[in-house]
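*Asks:* One structure is given below, represented as structure tokens, and several questions about it will come after.
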Amino acid sequence: MDIEPTKPSDSARDTLLRAYAAGAVTWHELRERGFDDYIQVLGGLGELGLRPPIAPMSGPNRAARERGRAIIREALRAQR
Amino acid sequence: MNKPFSLIVTDTSPLFTLVLADSLDALLRPGLSVNIPDAVYIEATRVHGAPGAEQIVGWINAHLDLVRIVPTDIGIDQQRRLEEGRTIRGLGEHAAMETLDRLLRADQEAAALLLFEDSDIAKRRAVVDERVSLISTGDFLRELEAAGLIQSADHILDQVAQRGAMWTASGGRSATPRRGRVCATSFAAGLTSRTRSNEWPADLCAHVCLDALTSPAFRKGQLPIQRCSFPGYTARRPPIGAVLEPHDRGNAPPTSRAKRGAAHAVRGAARSRDAVRPPRRPLRRARRGA
């Protein structure tokens with residue numbers, strides 16, 4: 001049986017969004033805590049004067065991300 | 001580049017970010033084929049008429065040579081879940097993994113680039129395969145910036161957040177108004193001239209508790225609206241489906257009419273099941289006995 005996460009209250013929502021913008025909470029976690037879709041997140045961030053985070057080049061996927069950026073870089077160069 | 005790289009969109013978030021920035025075409029700049037698993041596509045476009053959905057559909061149709069919707073078993077499961085009214089959360093990612101698996105199995109030379117949302121890629125371990133590389137929306141924008149194809153990734157993300165807020169305010173996909181910003185004074189006075197339909201959940205607006213609206217806690221944004229069956233209030237409630245616009249003077253003190261209404265509402269709210277009753281005074285007899 002699926003369990004729908006409870007919708008966060010307004011104050012909890014703002015706290016979560018601030019944590020998300022700071023990189024402390026992931027989009028995956030936001031979904032588990034009741035955010036339905038990413039538009040909601042973007043809208044909430046805008047209301048708070050925040051922007052979506054850009055992940056620092058660290059963490060468990062660093063090597064795969066560096067490869068990914070290199071692929072895009074090379075592909076963009078090839079398109080010119 | 002020797003390998004045929006395929007870009008797989010693992011979630012709706014990169015699509016929404018780029019559509020809000022009017023930059024969906026940026027996905028095509030590297031010249032890679034873009035694969036959108038059916039579950040991701042459905043999740044992004046299933047709300048008919050929702051902002052973003054139509055642009056995404058239009059963009060895909062305009063670039064069928066490079067953009068492909070990939071059918072998956074997860075997508076079939078998603079359809080079933082939608083029909084049964086069950087949650088479809090996270091199915092996009094599963095569908096992306098299925099897409100990746102099919103792609104790598106079908107072609108030993110194939111290599112894939114998975115497009116993730118930034119916070120997820122930073123913390124959650126994704127697939128480990130030499131033929132698979134990852135990129136986040138932010139990484140992608142940074143590369144476009146470095147290549148001089150966009151002015152600034154940060155500027156794009158600022159724009160995205162601003163437009164997201166405008167969308168939400170204008171009754172976007174998830175059009176639940178922020179309760180703390182509804183003007184208590186206007187609402188309590190029964191002013192409905194500035195209302196709009198289809199934005200407030202109909203079952204909520206008919207039973208908003210005036211007591212909650214006029215309380216100091218609500219005006220500080222600490223108290224959610226409660227349901228209230230107070231008849232004096234519901235008699236002059238706004239029409240079902242009406243909503244008051246978010247008001248800058250959300251902290252304005254209530255008018256005298258609102259105060260009178262609040263006094264009634266307090267009595268009414270005491271009867272409602274949501275009311276918090278003050279502790280009862282002990283009976284005099286009991287006190288004397290003590």
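Simple scheme: letters A, B, ... for chains in structure tokens order, numbers from 1 for residues in each chain, numbers from 1 for ligands in the order shown.
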What residues in chain B lie within 6 Å of chain A, counting only C-alpha atoms, written as a PyMOL selection string?

*Replies:* chain B and resi 13+30+118-120+122+125+133-135+138+157-158+161-162+164-165+168

*Asks:* Fewer than 3 positions away in the same chain doesn't count, so skip those; otherwise give me all residues within 10 Å of segment 73-75 of chain B, counting only C-alpha atoms, as a list of chain:residue names.

*Replies:*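 Contacts, with the query itself left out: B:Pro37, B:Asp38, B:Ala39, B:Val40, B:Tyr41, B:Ile42, B:Glu43, B:Val70, B:Gln78, B:Gln79, B:Arg80, B:Arg81, B:Ile88, B:Leu91, B:Gly92, B:Glu93, B:His94, B:Ala95, B:Ala96, B:Met97, B:Glu98, B:Thr99.
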
*Asks:* Could the residues in this selection be written to a file with N, CA and C atoms, as a compact mmCIF listing (two decimals), in the first residue's frame?

*Replies:*
```txt
# COMPACT_ATOMS: atom_id res chain seq x y z
N PRO B 37 12.26 9.22 -20.36
CA PRO B 37 11.42 8.05 -20.04
C PRO B 37 9.95 8.45 -19.95
N ASP B 38 9.07 7.56 -20.37
CA ASP B 38 7.64 7.89 -20.40
C ASP B 38 7.12 8.36 -19.05
N ALA B 39 7.62 7.75 -17.96
CA ALA B 39 7.12 8.12 -16.63
C ALA B 39 7.50 9.56 -16.29
N VAL B 40 8.68 9.99 -16.72
CA VAL B 40 9.10 11.37 -16.48
C VAL B 40 8.23 12.32 -17.31
N TYR B 41 8.02 11.93 -18.55
CA TYR B 41 7.20 12.75 -19.45
C TYR B 41 5.77 12.92 -18.91
N ILE B 42 5.20 11.80 -18.48
CA ILE B 42 3.82 11.85 -17.96
C ILE B 42 3.76 12.71 -16.70
N GLU B 43 4.74 12.52 -15.82
CA GLU B 43 4.74 13.28 -14.57
C GLU B 43 4.83 14.79 -14.86
N VAL B 70 10.76 7.45 -24.16
CA VAL B 70 11.10 6.02 -24.11
C VAL B 70 10.03 5.26 -23.32
N GLN B 78 2.94 3.17 -13.91
CA GLN B 78 2.52 4.53 -13.55
C GLN B 78 1.09 4.81 -14.02
N GLN B 79 0.78 4.37 -15.25
CA GLN B 79 -0.59 4.56 -15.77
C GLN B 79 -1.60 3.88 -14.87
N ARG B 80 -1.26 2.65 -14.48
CA ARG B 80 -2.17 1.89 -13.62
C ARG B 80 -2.37 2.62 -12.29
N ARG B 81 -1.26 3.10 -11.74
CA ARG B 81 -1.34 3.82 -10.47
C ARG B 81 -2.20 5.08 -10.59
N ILE B 88 2.48 8.39 -7.62
CA ILE B 88 3.44 8.05 -8.68
C ILE B 88 4.80 8.66 -8.36
N LEU B 91 8.66 7.52 -9.58
CA LEU B 91 8.65 6.52 -10.66
C LEU B 91 9.51 6.96 -11.85
N GLY B 92 9.66 8.27 -12.01
CA GLY B 92 10.47 8.79 -13.12
C GLY B 92 11.89 8.25 -13.06
N GLU B 93 12.44 8.28 -11.86
CA GLU B 93 13.82 7.80 -11.69
C GLU B 93 13.94 6.31 -12.00
N HIS B 94 12.94 5.55 -11.54
CA HIS B 94 12.96 4.11 -11.83
C HIS B 94 12.87 3.87 -13.33
N ALA B 95 12.03 4.65 -13.97
CA ALA B 95 11.88 4.51 -15.43
C ALA B 95 13.19 4.87 -16.12
N ALA B 96 13.89 5.87 -15.58
CA ALA B 96 15.17 6.26 -16.17
C ALA B 96 16.19 5.12 -16.05
N MET B 97 16.16 4.44 -14.92
CA MET B 97 17.08 3.32 -14.74
C MET B 97 16.74 2.18 -15.72
N GLU B 98 15.45 2.00 -15.91
CA GLU B 98 15.04 0.97 -16.88
C GLU B 98 15.48 1.37 -18.29
N THR B 99 15.34 2.64 -18.61
CA THR B 99 15.77 3.14 -19.92
C THR B 99 17.27 2.93 -20.11
```

*Asks:* Please, which residues of segment 45-76 of chain A, numbered as in this document, come out helix (DSSP H, G or I) from DSSP, as a list in words?

*Replies:*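 In segment 45-76 of chain A, DSSP puts these residues in helix (DSSP H, G or I): Leu45, Gly46, Glu47, Arg62, Ala63, Ala64, Arg65, Glu66, Arg67, Gly68, Arg69, Ala70, Ile71, Ile72, Arg73, Glu74, Ala75 and Leu76 of chain A.
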
*Asks:* Write the residues of the selection above to a file with N, CA and C atoms, as a compact mmCIF listing (two decimals), in the first residue's frame.

*Replies:*
```
# COMPACT_ATOMS: atom_id res chain seq x y z
N LEU A 45 10.75 28.62 -3.57
CA LEU A 45 12.07 29.27 -3.50
C LEU A 45 11.96 30.73 -3.96
N GLY A 46 11.22 30.93 -5.03
CA GLY A 46 11.05 32.29 -5.53
C GLY A 46 10.37 33.19 -4.51
N GLU A 47 9.36 32.65 -3.84
CA GLU A 47 8.66 33.45 -2.82
C GLU A 47 9.60 33.85 -1.69
N ARG A 62 31.24 12.27 -7.66
CA ARG A 62 32.13 13.29 -8.22
C ARG A 62 32.78 12.84 -9.54
N ALA A 63 33.36 11.64 -9.53
CA ALA A 63 34.08 11.18 -10.74
C ALA A 63 33.14 11.08 -11.93
N ALA A 64 31.95 10.52 -11.69
CA ALA A 64 30.99 10.37 -12.79
C ALA A 64 30.51 11.73 -13.28
N ARG A 65 30.41 12.70 -12.38
CA ARG A 65 29.99 14.05 -12.78
C ARG A 65 31.07 14.75 -13.58
N GLU A 66 32.31 14.54 -13.16
CA GLU A 66 33.40 15.18 -13.92
C GLU A 66 33.46 14.62 -15.33
N ARG A 67 33.20 13.31 -15.43
CA ARG A 67 33.14 12.70 -16.78
C ARG A 67 31.99 13.33 -17.58
N GLY A 68 30.85 13.48 -16.90
CA GLY A 68 29.67 14.04 -17.57
C GLY A 68 29.92 15.45 -18.08
N ARG A 69 30.56 16.27 -17.25
CA ARG A 69 30.85 17.65 -17.68
C ARG A 69 31.81 17.66 -18.86
N ALA A 70 32.77 16.74 -18.80
CA ALA A 70 33.74 16.67 -19.91
C ALA A 70 33.04 16.28 -21.21
N ILE A 71 32.08 15.37 -21.10
CA ILE A 71 31.34 14.95 -22.31
C ILE A 71 30.58 16.14 -22.89
N ILE A 72 29.90 16.88 -22.03
CA ILE A 72 29.13 18.04 -22.50
C ILE A 72 30.06 19.09 -23.11
N ARG A 73 31.18 19.30 -22.42
CA ARG A 73 32.14 20.30 -22.92
C ARG A 73 32.60 19.94 -24.32
N GLU A 74 32.96 18.66 -24.45
CA GLU A 74 33.46 18.20 -25.75
C GLU A 74 32.36 18.28 -26.81
N ALA A 75 31.16 17.91 -26.42
CA ALA A 75 30.04 17.93 -27.38
C ALA A 75 29.74 19.36 -27.82
N LEU A 76 29.80 20.28 -26.88
CA LEU A 76 29.54 21.69 -27.23
C LEU A 76 30.62 22.20 -28.17
```

*Asks:* Report the distance between atom CA of Leu115 of chain B and atom CA of Asp14 of chain A in Å, rounded to one decimal place.

*Replies:*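 Value for the atom CA of Leu115 of chain B-atom CA of Asp14 of chain A distance: 26.8 Å.
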
*Asks:* Any chance you could list, as a PyMOL selection string, the residues in segment 1-180 of chain B that come up strand (DSSP E) when DSSP is run on the backbone?

*Replies:* chain B and resi 5-9+33-37+67-70+111-116+132-136

*Asks:* Could you turn the residues from that selection into a file that holds C-alpha atoms, as a PDB file, in the first residue's frame?

*Replies:*
```pdb
ATOM      1  CA  PHE B   5      26.195   9.210 -26.019  1.00  0.00           C
ATOM      2  CA  SER B   6      22.555   9.453 -25.050  1.00  0.00           C
ATOM      3  CA  LEU B   7      21.306  11.983 -22.567  1.00  0.00           C
ATOM      4  CA  ILE B   8      18.678  10.463 -20.276  1.00  0.00           C
ATOM      5  CA  VAL B   9      16.494  12.815 -18.266  1.00  0.00           C
ATOM      6  CA  SER B  33      20.017  12.509 -28.423  1.00  0.00           C
ATOM      7  CA  VAL B  34      17.711  13.291 -25.506  1.00  0.00           C
ATOM      8  CA  ASN B  35      15.780  10.376 -24.020  1.00  0.00           C
ATOM      9  CA  ILE B  36      12.879  11.134 -21.738  1.00  0.00           C
ATOM     10  CA  PRO B  37      11.423   8.050 -20.044  1.00  0.00           C
ATOM     11  CA  VAL B  67      14.123  14.021 -28.428  1.00  0.00           C
ATOM     12  CA  ARG B  68      12.531  10.667 -27.779  1.00  0.00           C
ATOM     13  CA  ILE B  69       9.967   9.465 -25.223  1.00  0.00           C
ATOM     14  CA  VAL B  70      11.097   6.021 -24.114  1.00  0.00           C
ATOM     15  CA  ALA B 111      27.243   5.215 -23.369  1.00  0.00           C
ATOM     16  CA  ALA B 112      24.798   7.281 -21.415  1.00  0.00           C
ATOM     17  CA  LEU B 113      24.749  10.578 -19.653  1.00  0.00           C
ATOM     18  CA  LEU B 114      22.166  10.812 -16.899  1.00  0.00           C
ATOM     19  CA  LEU B 115      20.757  14.243 -16.193  1.00  0.00           C
ATOM     20  CA  PHE B 116      19.902  14.630 -12.491  1.00  0.00           C
ATOM     21  CA  VAL B 132      27.515   5.885 -17.527  1.00  0.00           C
ATOM     22  CA  SER B 133      28.330   9.469 -16.641  1.00  0.00           C
ATOM     23  CA  LEU B 134      26.261  11.941 -14.692  1.00  0.00           C
ATOM     24  CA  ILE B 135      25.451  15.566 -14.967  1.00  0.00           C
ATOM     25  CA  SER B 136      23.237  17.862 -12.950  1.00  0.00           C
TER      26      SER B 136
END
```

*Asks:* Enter the distance from atom CA of Pro4 of chain B to atom CA of Leu66 of chain B, in Å, rounded to one decimal.

*Replies:*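 Distance between the two atoms: 12.8 Å.
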
*Asks:* Enter the distance from atom CA of Leu20 of chain B to atom CA of Arg142 of chain B, in Å, rounded to one decimal.

*Replies:* 17.1 Å
